[in-house]
Each structure stands twice: as C-alpha cells, then as structure tokens.
Amino acid sequence: MRGVIEEKTSRIVEVIISSVKPFQLMLGKILGVVLVGLTQFILWIILTLILSAIAETMFFDVTTISAENITSEQDQSLLIAELRKYLGGINVLQLIFSFLFYFFGGYLLYSALFAAVGSAVDTEADTQQFILPITIPLILSFVLIQPIMDNPDGALAYWFSLIPFTSPVIMMARLPFGVSDLELIMSMLLLIIGFLFTTFLAAKIYRTGILMYGKKTSYKELWKWLTYKG
C-alpha cells in the first residue's frame with residue numbers, strides 16, 4: 001500500500017503505466033511483496049536454528065539435566081517414548097507445505113486489497129477509512145486462536161478455517177491437532193478462489209485510481225469504479 005502511494009505521489013507511476021498495463025504493474029508489486037516477506041521468514045528460520053544450536057552447545061548440558069531430574073534409565077526411556085509419540089502425531093511435511101501455501105495465499109490476497117487502497121488515495125492519512133474493514137478478519141483470527149486451539153474440531157474452527165480471509169491463520173492453528181484431507185483441500189481451494197476474486201476487484205479499483213489525484217475517495221466512488229464497464 002505504501003509502495004503504491006509513494007509511486008503515485010511522486011508521479012513515477014505515470015511513466016511506468018506507459019510501458020505496462022495497470023493490472024500487470026499491480027500483480028508485479030504484489031509478487032514482489034510476497035517474495036520480500038518470504039525472504040524475511042527464511043532469514044528468521046535460519047537465524048533461529050543457528051541461535052538454538054549455539055545455545056544448546058554453550059548453555060544446555062543434556063547429561064547434567066538427565067542426572068539431576070531423571071533418576072533411572074526406565075524414566076529416561078519413558079520420557080523419550082512420550083516425546084516420540086507426541087512428535088510422531090505431527091505431520092511435519094504437511095505443516096511445512098501448508099505454511100508455505102497459506103503464507104503465499106494470504107499474502108497475495110491481502111496485498112491485492114492493500115494495493116487497491118493505495119491506488120485509491122493520495123496520502124497514507126486517507127487510508128484509515130479503508131484499512132479497518134480489511135484488517136478486521138486478521139485481528140479476529142488472532143483473537144480466536146486460543147479458543148480454536150482449545151476446541152480445534154468445533155464449528156467455529158471449521159468455518160473460520162474455510163473462509164479465505166481467516167483461513168491462513170486459523171487453519172495453521174488447527175493443523176497440529178489433526179485436520180482431514182478434505183477440509184484442508186477445501187480450505188486451499190477457497191483461498192485460491194478468494195485471491196483470484198480479490199485480485200479481480202482490486203485491479204478494477206487500481207486501473208482507475210492509480211492515475212487520479214487530488215480527489216477524496218469514498219466508498220460510493222469505489223463502488224462506481226468496481227461497477228464501471230469498459
């Protein structure tokens with residue numbers, strides 16, 4: 001959103017639009033933001049692994065803890081068995097694949113909406129009236145994480161893991177507790193459809209708003225842009 005506003009206010013976009021279509025420009029910006037976010041996650045994961053390895057080497061003596069807290073070999077074997085049982089119930093490959101999918105899907109969906117908002121205004125201060133409706137599903141998702149983890153098979157968890165605006169957060173919170181393949185496939189398909197639909201709507205706003213300056217945009221004006229044919 002800020003990237004679109006910056007290009008719009010500096011009039012750089014007028015030069016870019018002469019070379020590419022507005023939809024191509026918007027999609028390129030969305031994909032660029034997604035790759036930047038993914039790069040951040042990869043760096044965080046690598047840094048976390050490095051710090052964990054250093055901490056384990058320097059500060060965590062497994063043998064000492066075992067001697068102090070585990071009094072017998074039988075206790076050790078029981079502890080190891082419980083850990084293996086717990087970890088064995090988690091499909092790590094499914095979690096990794098789902099994380100990448102929902103990261104890309106959620107980022108693409110919300111980036112399209114924020115790009116549309118950025119194209120409809122001239123300054124960041126004017127975005128406030130449009131940001132709240134977009135961020136409400138995200139805020140609601142994080143608020144509901146704990147109740148859904150307490151009851152991952154309930155109706156609330158089921159429906160919110162299917163709705164594209166909340167599924168990237170809610171489905172990832174449910175996955176460690178076990179989700180049927182059908183539910184997961186339905187959630188992924190709905191997220192893809194949601195991204196395509198929001199991108200279509202965002203493109204209609206973007207193509208009109210990106211070259212408009214000095215006009216206060218309202219919801220009524222946005223509706224005109226969405227329903228405009230041609």
# chains A, B, ... in the order shown; residues from 1 in each chain; ligands from 1
>>> residues_around(residues="Ile210 of chain A", least_positions_apart="5", cutoff="10 Å", atoms="only C-alpha atoms", output="PyMOL selection string")
chain A and resi 4-5+7-9+11+13-14+17+22+26+115-122+205
>>> closest_residue(among="A:Trp223, A:Gly209, A:Ile192, A:Phe177", to="Leu95 of chain A", atoms="only C-alpha atoms")
A:Phe177
>>> select_by_dssp(residues="segment 143-200 of chain A", states="alpha helix (DSSP H)", output="PDB file with C-alpha atoms, in the first residue's frame")
ATOM      1  CA  VAL A 143      -8.149 -13.168  18.870  1.00  0.00           C
ATOM      2  CA  ILE A 145      -6.536 -18.595  18.073  1.00  0.00           C
ATOM      3  CA  GLN A 146      -6.706 -19.687  21.729  1.00  0.00           C
ATOM      4  CA  PRO A 147     -10.415 -20.687  21.712  1.00  0.00           C
ATOM      5  CA  ILE A 148      -9.881 -22.602  18.478  1.00  0.00           C
ATOM      6  CA  MET A 149      -6.821 -24.408  19.861  1.00  0.00           C
ATOM      7  CA  ASP A 150      -8.957 -25.390  22.878  1.00  0.00           C
ATOM      8  CA  ALA A 155     -17.949 -25.330  14.320  1.00  0.00           C
ATOM      9  CA  LEU A 156     -16.130 -22.031  14.877  1.00  0.00           C
ATOM     10  CA  ALA A 157     -12.776 -23.575  13.985  1.00  0.00           C
ATOM     11  CA  TYR A 158     -14.263 -25.370  10.983  1.00  0.00           C
ATOM     12  CA  TRP A 159     -15.874 -22.365   9.331  1.00  0.00           C
ATOM     13  CA  PHE A 160     -13.099 -19.894  10.065  1.00  0.00           C
ATOM     14  CA  SER A 167      -8.032 -19.478   6.917  1.00  0.00           C
ATOM     15  CA  PRO A 168      -4.283 -18.598   6.655  1.00  0.00           C
ATOM     16  CA  VAL A 169      -4.175 -18.097  10.440  1.00  0.00           C
ATOM     17  CA  ILE A 170      -6.914 -20.418  11.718  1.00  0.00           C
ATOM     18  CA  MET A 171      -6.055 -23.457   9.598  1.00  0.00           C
ATOM     19  CA  MET A 172      -2.391 -23.287  10.643  1.00  0.00           C
ATOM     20  CA  ALA A 173      -3.541 -23.201  14.286  1.00  0.00           C
ATOM     21  CA  ARG A 174      -5.680 -26.327  13.710  1.00  0.00           C
ATOM     22  CA  ASP A 181      -7.583 -34.024   3.949  1.00  0.00           C
ATOM     23  CA  LEU A 182     -10.976 -32.960   2.580  1.00  0.00           C
ATOM     24  CA  GLU A 183     -11.159 -29.936   4.881  1.00  0.00           C
ATOM     25  CA  LEU A 184      -7.599 -28.952   4.008  1.00  0.00           C
ATOM     26  CA  ILE A 185      -8.225 -29.233   0.254  1.00  0.00           C
ATOM     27  CA  MET A 186     -11.485 -27.253   0.544  1.00  0.00           C
ATOM     28  CA  SER A 187      -9.721 -24.530   2.523  1.00  0.00           C
ATOM     29  CA  MET A 188      -6.902 -24.289  -0.028  1.00  0.00           C
ATOM     30  CA  LEU A 189      -9.282 -24.161  -2.991  1.00  0.00           C
ATOM     31  CA  LEU A 190     -11.372 -21.442  -1.348  1.00  0.00           C
ATOM     32  CA  LEU A 191      -8.227 -19.437  -0.601  1.00  0.00           C
ATOM     33  CA  ILE A 192      -7.177 -19.644  -4.271  1.00  0.00           C
ATOM     34  CA  ILE A 193     -10.663 -18.565  -5.389  1.00  0.00           C
ATOM     35  CA  GLY A 194     -10.608 -15.769  -2.795  1.00  0.00           C
ATOM     36  CA  PHE A 195      -7.262 -14.484  -4.056  1.00  0.00           C
ATOM     37  CA  LEU A 196      -8.410 -14.510  -7.697  1.00  0.00           C
ATOM     38  CA  PHE A 197     -11.647 -12.719  -6.788  1.00  0.00           C
ATOM     39  CA  THR A 198      -9.979 -10.039  -4.635  1.00  0.00           C
ATOM     40  CA  THR A 199      -7.300  -9.502  -7.302  1.00  0.00           C
ATOM     41  CA  PHE A 200     -10.029  -9.036  -9.904  1.00  0.00           C
TER      42      PHE A 200
END
>>> atom_distance(atom1="atom CA of Leu108 of chain A", atom2="atom CA of Ser141 of chain A")
17.3 Å
>>> residues_around(residues="Leu93 of chain A", least_positions_apart="6", cutoff="12 Å", atoms="only C-alpha atoms", output="list in words")
Phe99, Leu100, Leu175 and Pro176 of chain A
>>> closest_residue(among="A:Val92, A:Phe23, A:Ile139, A:Asp126", to="Arg2 of chain A", atoms="only C-alpha atoms")
A:Asp126
>>> atom_distance(atom1="atom CA of Thr227 of chain A", atom2="atom CA of Ile16 of chain A")
25.4 Å
>>> residues_around(residues="segment 36-41 of chain A", least_positions_apart="5", cutoff="10 Å", atoms="only C-alpha atoms", output="count of residues only")
7
>>> closest_residue(among="A:Ile30, A:Tyr228, A:Ser52, A:Ile136", to="Phe114 of chain A", atoms="only C-alpha atoms")
A:Ile30
>>> atom_distance(atom1="atom CA of Gly105 of chain A", atom2="atom CA of Leu201 of chain A")
16.3 Å
>>> closest_residue(among="A:Leu27, A:Ile163, A:Val20, A:Val33", to="Leu138 of chain A", atoms="only C-alpha atoms")
A:Ile163
>>> closest_residue(among="A:Asn91, A:Asn151, A:Thr166, A:Thr123", to="Thr135 of chain A", atoms="only C-alpha atoms")
A:Thr166
